[in-house]
Structure formats: structure tokens, C-alpha cells
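Chemist: The structure under discussion is supplied below as C-alpha cells; questions concerning it will follow.
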Amino acid sequence: QKEVEQDPGPLSVPEGAIVSLNCTYSNSAFQYFMWYRQYSRKGPELLMYTYSSGNKEDGRFTAQVDKSSKYISLFIRDSQPSDSATYLCAMNEVGSYIPTFGRGTSLIVHP
Amino acid sequence: SAVISQKPSRDICQRGTSLTIQCQVDSQVTMMFWYRQQPGQSLTLIATANQGSEATYESGFVIDKFPISRPNLTFSTLTVSNMSPEDSSIYLCSVEAPGPKSYNEQFFGPGTRLTVL
């Protein structure tokens with residue numbers, strides 16, 4: 001079992017839909033949780049950063065962490081074609097600067 | 001924040017040859033990281049490069065195959081040696097720097113897409 005599991009998709013949704021992207025993990029020591037967005041032929045860019053459990057909102061994006069279930073989610077409201085990208089979850093332990101990445105989920109938002 | 005450039009952006013190489021990838025950052029950073037991103041796989045850390053010391057390699061990666069240089073605080077190179085088709089991948093340079101989302105944000109370069117025939 002991989003430390004971080006993420007469905008690679010692709011996930012195809014119509015413009016305006018609410019998108020839910022998820023990751024599960026097995027290492028209970030993970031405390032920092034990130035979501036990266038990677039456009040085709042570009043490097044990943046940090047989208048959301050959360051410490052421990054709870055929700056964090058930034059514009060149309062909401063990150064949720066449920067440590068009891070070892071499950072994290074990224075919600076995108078009012079999805080746009082420009083949101084089409086690969087979304088990678090990542091997480092690391094306190095004191096570690098090396099995150100463990102999921103495989104990424106490919107999202108396609110069609111007009 | 002940090003802006004990272006990589007050269008080359010892509011290359012097609014013959015097996016048995018070597019390729020050196022360059023990474024340039026627009027600010028001084030302590031640590032630089034080299035990742036590999038294979039199709040359908042998660043980002044995998046190859047090594048961490050600090051200026052003035054030997055790079056630290058992750059399990060499964062060795063210096064003879066992936067020699068790294070870090071001559072100053074804004075530049076690093078990764079060489080992929082004696083290449084085989086299994087080395088075909090995207091290689092990404094990354095740094096940690098204060099950013100808009102975190103005081104310790106990880107920034108990535110655009111990647112080098114390598115194909116080995």
C-alpha cells in the first residue's frame with residue numbers, strides 16, 4: 001500500500017460544477033497537507049496549504065482534512081475550463097521538509 | 001517567492017549517453033531539490049542539494065547515476081548518466097522559499113522532459 005493514494009482520473013465535469021478531489025493516506029504522523037496544481041508542461045504550483053485537521057477556504061477552493069479518517073479533500077466551486085489541470089496532494093510530517101506526493105488527479109472542465 | 005528556470009526544456013537522447021540539466025533560481029536559496037515525475041507516478045525526490053556540500057540522495061538513487069553540482073546559492077545541475085529508456089521522465093528542480101501561501105513554500109521549475117531511445 002502506498003503512503004498516499006490518489007485516483008488518477010481523468011475526472012471530466014461541465015463548467016460550473018462543484019469538483020471534489022480526494023486523497024487517502026496511511027501515515028498518521030503527517031501534519032501538513034498541501035494541494036498543488038500542475039498545468040500541462042509546467043511545474044506544480046502550491047494551491048492550498050493546511051496544518052492538521054479542519055477546513056481552509058481560498059476563493060473558489062476549499063481544502064478539508066480529516067485526520068481521524070486519514071482523508072483529505074479539495075473542493076472547487078463554480079469550476080472553469082481554466083481549472084483543467086492535474087491536482088496533486090502532498091503531505092509531510094512535522095520537522096520534515098520532504099513531502100510525500102500522490103499520483104495526481106487529472107481534471108477536465110469542459111465548456 | 002522564487003522563479004525557477006530549467007534548461008533544456010526537453011531532449012531526446014540515445015541510450016548510453018548522459019544529459020546535464022541546469023536549474024537557475026532568481027533568489028538565493030539554501031536547499032534545492034531534484035525530482036523525477038514518471039507518467040502516472042507520483043513526484044519522487046531524487047536528491048537534496050546544499051551549496052558547499054555533497055548532495056543527499058534518496059533510497060534508490062545513487063550519485064554515480066545522478067551526479068549533482070551546487071556551485072552557488074542560485075544554481076544547480078543534475079546529470080542523468082549512462083541513460084536507458086527507463087530514465088525517460090520529467091525532471092523537476094524545486095526550492096523552498098517564503099511564498100504567498102506559506103512561509104516555507106515549495107516552488108518548482110517547469111521541468112525537463114527527457115526521452116531516451
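Within each chain, counting starts at residue 1; across the C-alpha cells, chains are named A, B, ... in the order shown, with ligands numbered 1 upward in that order.
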Give me, as a list in words, all polymer residues having an atom no more than 10 Å from Ile98 of chain A, counting only C-alpha atoms and skipping those fewer than 5 positions away in the same chain.
Modeler: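 Result of the neighbour search: Ala90, Met91, Asn92 and Glu93 of chain A; Phe33, Leu45, Thr48 and Gln106 of chain B.
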Chemist: Store the residues picked out above, limited to N, CA, C and O atoms, as a PDB file, in the first residue's frame.
Modeler:
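Generated file (selection-v9.pdb):
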```pdb
ATOM      1  N   ALA A  90      -0.219  16.448  -1.370  1.00  0.00           N
ATOM      2  CA  ALA A  90       1.093  16.199  -0.778  1.00  0.00           C
ATOM      3  C   ALA A  90       0.978  16.402   0.723  1.00  0.00           C
ATOM      4  O   ALA A  90       0.147  17.178   1.200  1.00  0.00           O
ATOM      5  N   MET A  91       1.803  15.723   1.458  1.00  0.00           N
ATOM      6  CA  MET A  91       1.741  15.837   2.911  1.00  0.00           C
ATOM      7  C   MET A  91       3.089  15.497   3.517  1.00  0.00           C
ATOM      8  O   MET A  91       3.865  14.732   2.925  1.00  0.00           O
ATOM      9  N   ASN A  92       3.366  16.099   4.676  1.00  0.00           N
ATOM     10  CA  ASN A  92       4.601  15.741   5.347  1.00  0.00           C
ATOM     11  C   ASN A  92       4.475  15.860   6.859  1.00  0.00           C
ATOM     12  O   ASN A  92       3.515  16.418   7.389  1.00  0.00           O
ATOM     13  N   GLU A  93       5.468  15.263   7.508  1.00  0.00           N
ATOM     14  CA  GLU A  93       5.495  15.229   8.958  1.00  0.00           C
ATOM     15  C   GLU A  93       6.112  16.507   9.496  1.00  0.00           C
ATOM     16  O   GLU A  93       6.831  17.223   8.788  1.00  0.00           O
TER      17      GLU A  93
ATOM     18  N   PHE B  33      16.124  20.997  -4.654  1.00  0.00           N
ATOM     19  CA  PHE B  33      15.680  19.609  -4.732  1.00  0.00           C
ATOM     20  C   PHE B  33      15.522  19.206  -6.197  1.00  0.00           C
ATOM     21  O   PHE B  33      15.090  20.003  -7.026  1.00  0.00           O
ATOM     22  N   LEU B  45      11.355  12.269  -5.060  1.00  0.00           N
ATOM     23  CA  LEU B  45      12.558  13.045  -4.778  1.00  0.00           C
ATOM     24  C   LEU B  45      13.794  12.217  -5.100  1.00  0.00           C
ATOM     25  O   LEU B  45      13.931  11.084  -4.628  1.00  0.00           O
ATOM     26  N   THR B  48      18.607  16.018  -2.478  1.00  0.00           N
ATOM     27  CA  THR B  48      18.611  17.385  -1.964  1.00  0.00           C
ATOM     28  C   THR B  48      20.023  17.926  -2.109  1.00  0.00           C
ATOM     29  O   THR B  48      21.001  17.255  -1.717  1.00  0.00           O
ATOM     30  N   GLN B 106       7.101  25.501  -1.384  1.00  0.00           N
ATOM     31  CA  GLN B 106       7.941  24.808  -2.342  1.00  0.00           C
ATOM     32  C   GLN B 106       7.579  25.276  -3.744  1.00  0.00           C
ATOM     33  O   GLN B 106       6.422  25.205  -4.159  1.00  0.00           O
TER      34      GLN B 106
END
```
Chemist: Define the interface residues of chain A facing chain B as those within 10 Å, counting only C-alpha atoms, and report them as a VMD selection string.
Modeler: chain A and resid 4 to 6 8 36 38 to 50 88 to 90 97 to 105
Chemist: What is the atom CA of Pro71 of chain B to atom CA of Ser88 of chain B distance in Å?
Modeler: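 Going from atom CA of Pro71 of chain B over to atom CA of Ser88 of chain B, I get 26.4 Å.
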Chemist: As a ChimeraX atom specification, please: the residues near segment 12-20 of chain A (cut-off 7 Å, only C-alpha atoms, same-chain neighbours under 2 positions excluded).
Modeler: /A:10,22,73-81,107-111
Chemist: Go ahead and save the picked residues with N, CA, C and O atoms, as a short mmCIF file (atom, residue, chain, number, x, y, z; two decimals), in the first residue's frame.
Modeler:
```cif
data_model
loop_
_atom_site.label_atom_id
_atom_site.label_comp_id
_atom_site.auth_asym_id
_atom_site.auth_seq_id
_atom_site.Cartn_x
_atom_site.Cartn_y
_atom_site.Cartn_z
N PRO A 10 -8.99 10.28 -15.62
CA PRO A 10 -9.38 11.68 -15.54
C PRO A 10 -10.80 11.89 -15.02
O PRO A 10 -11.64 11.01 -15.15
N ASN A 22 -9.82 13.98 -3.95
CA ASN A 22 -9.54 13.36 -2.66
C ASN A 22 -8.23 12.58 -2.63
O ASN A 22 -7.76 12.11 -3.67
N SER A 73 -9.47 16.40 1.19
CA SER A 73 -10.25 16.74 0.01
C SER A 73 -9.95 18.17 -0.43
O SER A 73 -9.58 19.02 0.38
N LEU A 74 -10.13 18.38 -1.71
CA LEU A 74 -10.09 19.72 -2.29
C LEU A 74 -11.38 19.90 -3.08
O LEU A 74 -11.70 19.08 -3.95
N PHE A 75 -12.12 20.95 -2.73
CA PHE A 75 -13.35 21.26 -3.45
C PHE A 75 -13.13 22.51 -4.29
O PHE A 75 -12.52 23.49 -3.83
N ILE A 76 -13.62 22.46 -5.50
CA ILE A 76 -13.56 23.61 -6.40
C ILE A 76 -15.00 23.97 -6.75
O ILE A 76 -15.73 23.16 -7.34
N ARG A 77 -15.40 25.19 -6.38
CA ARG A 77 -16.76 25.64 -6.71
C ARG A 77 -16.74 26.37 -8.04
O ARG A 77 -15.71 26.95 -8.45
N ASP A 78 -17.89 26.33 -8.72
CA ASP A 78 -18.03 27.06 -9.99
C ASP A 78 -16.81 26.81 -10.89
O ASP A 78 -16.10 27.74 -11.30
N SER A 79 -16.56 25.56 -11.16
CA SER A 79 -15.35 25.19 -11.90
C SER A 79 -15.34 25.84 -13.29
O SER A 79 -16.38 26.04 -13.92
N GLN A 80 -14.13 26.19 -13.73
CA GLN A 80 -13.92 26.86 -15.00
C GLN A 80 -13.02 26.02 -15.89
O GLN A 80 -12.20 25.24 -15.39
N PRO A 81 -13.11 26.19 -17.21
CA PRO A 81 -12.17 25.47 -18.09
C PRO A 81 -10.71 25.72 -17.73
O PRO A 81 -9.86 24.83 -17.90
N LEU A 107 -7.96 16.66 -14.05
CA LEU A 107 -9.30 17.27 -14.09
C LEU A 107 -9.50 17.96 -15.43
O LEU A 107 -8.64 18.73 -15.88
N ILE A 108 -10.64 17.68 -16.04
CA ILE A 108 -11.01 18.35 -17.29
C ILE A 108 -12.35 19.03 -17.05
O ILE A 108 -13.33 18.36 -16.71
N VAL A 109 -12.37 20.34 -17.22
CA VAL A 109 -13.62 21.10 -17.11
C VAL A 109 -13.99 21.55 -18.53
O VAL A 109 -13.27 22.35 -19.14
N HIS A 110 -15.10 21.01 -19.03
CA HIS A 110 -15.46 21.34 -20.41
C HIS A 110 -16.55 22.39 -20.45
O HIS A 110 -17.45 22.39 -19.62
N PRO A 111 -16.45 23.30 -21.44
CA PRO A 111 -17.42 24.41 -21.52
C PRO A 111 -18.83 23.87 -21.78
O PRO A 111 -19.02 22.83 -22.40
#
```
Chemist: Using Å and a single decimal, report how far atom CA of Val95 of chain B sits from atom CA of Phe66 of chain B.
Modeler: 18.2 Å
Chemist: Please report the interatomic distance between atom CA of Ser69 of chain B and atom CA of Ala49 of chain B in Å with one decimal.
Modeler: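 Separation of atom CA of Ser69 of chain B and atom CA of Ala49 of chain B: 7.6 Å.
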Chemist: Would you mind listing what lies within 8 Å of Gln24 of chain B as a compact mmCIF listing (two decimals) with all heavy atoms, in the first residue's frame, with only C-alpha atoms counted and same-chain residues fewer than 2 positions away left out?
Modeler:
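In the end it all went to out-v6.txt:
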```
# COMPACT_ATOMS: atom_id res chain seq x y z
N ILE B 4 11.93 29.85 -11.09
CA ILE B 4 12.94 28.85 -11.44
C ILE B 4 12.89 28.59 -12.93
O ILE B 4 11.81 28.43 -13.51
CB ILE B 4 12.67 27.53 -10.69
CG1 ILE B 4 12.63 27.77 -9.18
CG2 ILE B 4 13.73 26.49 -11.04
CD1 ILE B 4 12.15 26.57 -8.38
N SER B 5 14.06 28.56 -13.54
CA SER B 5 14.15 28.18 -14.95
C SER B 5 15.00 26.93 -15.07
O SER B 5 15.91 26.71 -14.26
CB SER B 5 14.74 29.32 -15.79
OG SER B 5 16.03 29.66 -15.33
N GLN B 6 14.70 26.13 -16.06
CA GLN B 6 15.44 24.90 -16.32
C GLN B 6 15.84 24.84 -17.79
O GLN B 6 15.09 25.25 -18.68
CB GLN B 6 14.59 23.66 -15.99
CG GLN B 6 14.44 23.38 -14.52
CD GLN B 6 13.68 22.09 -14.24
OE1 GLN B 6 12.69 22.10 -13.51
NE2 GLN B 6 14.15 20.98 -14.80
N GLN B 22 20.16 21.95 -16.19
CA GLN B 22 20.52 23.11 -15.39
C GLN B 22 19.29 23.71 -14.72
O GLN B 22 18.20 23.73 -15.31
CB GLN B 22 21.16 24.18 -16.28
CG GLN B 22 22.44 23.73 -16.94
CD GLN B 22 23.02 24.82 -17.83
OE1 GLN B 22 22.55 25.96 -17.84
NE2 GLN B 22 24.07 24.48 -18.56
N ASP B 26 15.92 32.71 -9.16
CA ASP B 26 16.10 34.16 -9.18
C ASP B 26 16.42 34.74 -7.81
O ASP B 26 16.52 35.96 -7.65
CB ASP B 26 14.86 34.84 -9.76
CG ASP B 26 13.65 34.74 -8.85
OD1 ASP B 26 13.64 33.88 -7.94
OD2 ASP B 26 12.69 35.52 -9.06
N THR B 74 22.22 29.95 -6.17
CA THR B 74 21.15 30.16 -7.16
C THR B 74 21.18 29.16 -8.30
O THR B 74 20.37 29.24 -9.23
CB THR B 74 21.23 31.58 -7.77
OG1 THR B 74 22.48 31.70 -8.47
CG2 THR B 74 21.13 32.65 -6.69
N PHE B 75 22.07 28.19 -8.27
CA PHE B 75 22.26 27.33 -9.43
C PHE B 75 22.58 25.91 -9.01
O PHE B 75 23.27 25.67 -8.02
CB PHE B 75 23.41 27.89 -10.29
CG PHE B 75 23.60 27.19 -11.60
CD1 PHE B 75 22.78 27.46 -12.69
CD2 PHE B 75 24.61 26.24 -11.77
CE1 PHE B 75 22.96 26.82 -13.91
CE2 PHE B 75 24.80 25.60 -12.97
CZ PHE B 75 23.98 25.89 -14.06
N SER B 76 22.07 24.95 -9.82
CA SER B 76 22.39 23.55 -9.60
C SER B 76 22.26 22.81 -10.92
O SER B 76 21.56 23.26 -11.84
CB SER B 76 21.43 22.92 -8.57
OG SER B 76 21.70 21.54 -8.40
```
Chemist: Based on DSSP run over this structure's backbone, return all residues of chain A in strand (DSSP E or B), as a ChimeraX atom specification.
Modeler: /A:4-5,11-14,19-25,30-38,45-51,54-58,61-66,71-76,85-93,100-101,105-110
Chemist: Using only C-alpha atoms, which protein or nucleic acid residues come within 9 Å of Asn82 of chain B? Drop anything in the same chain fewer than 4 positions from it, and give the result as a CSV table (one decimal) with N, CA and C atoms, in the first residue's frame.
Modeler:
```
chain,number,residue,atom,x,y,z
B,15,ARG,N,20.5,5.9,-25.8
B,15,ARG,CA,20.9,5.2,-24.6
B,15,ARG,C,22.4,5.1,-24.5
B,16,GLY,N,22.9,5.1,-23.3
B,16,GLY,CA,24.3,5.1,-23.0
B,16,GLY,C,25.0,6.5,-22.9
B,17,THR,N,24.2,7.5,-23.3
B,17,THR,CA,24.8,8.9,-23.2
B,17,THR,C,24.4,9.5,-21.9
B,18,SER,N,24.8,10.7,-21.7
B,18,SER,CA,24.5,11.5,-20.4
B,18,SER,C,23.9,12.8,-20.8
B,19,LEU,N,23.1,13.3,-19.9
B,19,LEU,CA,22.5,14.7,-20.1
B,19,LEU,C,22.6,15.4,-18.8
B,65,LYS,N,24.9,7.6,-10.9
B,65,LYS,CA,23.9,7.7,-11.9
B,65,LYS,C,23.3,9.1,-12.0
```
Chemist: Identify, on the basis of only C-alpha atoms, every residue whose closest approach to Tyr57 of chain B does not exceed 7 Å; exclude the query and any residue fewer than 5 positions from it along the same chain; express the result as a list in words.
Modeler: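 After dropping sequence-adjacent residues, the list is Ile46, Ala47, Thr48 and Val62 of chain B.
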Chemist: Just C-alpha atoms for this one: save the residues we selected as a tab-separated table (two decimals), in the first residue's frame.
Modeler:
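Below you can see again.tsv, which holds the result:
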```tsv
chain	number	residue	atom	x	y	z
B	46	ILE	CA	15.95	12.14	-6.23
B	47	ALA	CA	18.20	14.23	-4.02
B	48	THR	CA	18.61	17.38	-1.96
B	62	VAL	CA	22.91	6.96	-6.42
```
Chemist: Would you please work out which residue, of B:Ile63, B:Cys23, B:Ser89, B:Ser81, is nearest to Arg10 of chain B when using only C-alpha atoms?
Modeler: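 For Arg10 of chain B, the nearest of the given residues is B:Ser89.
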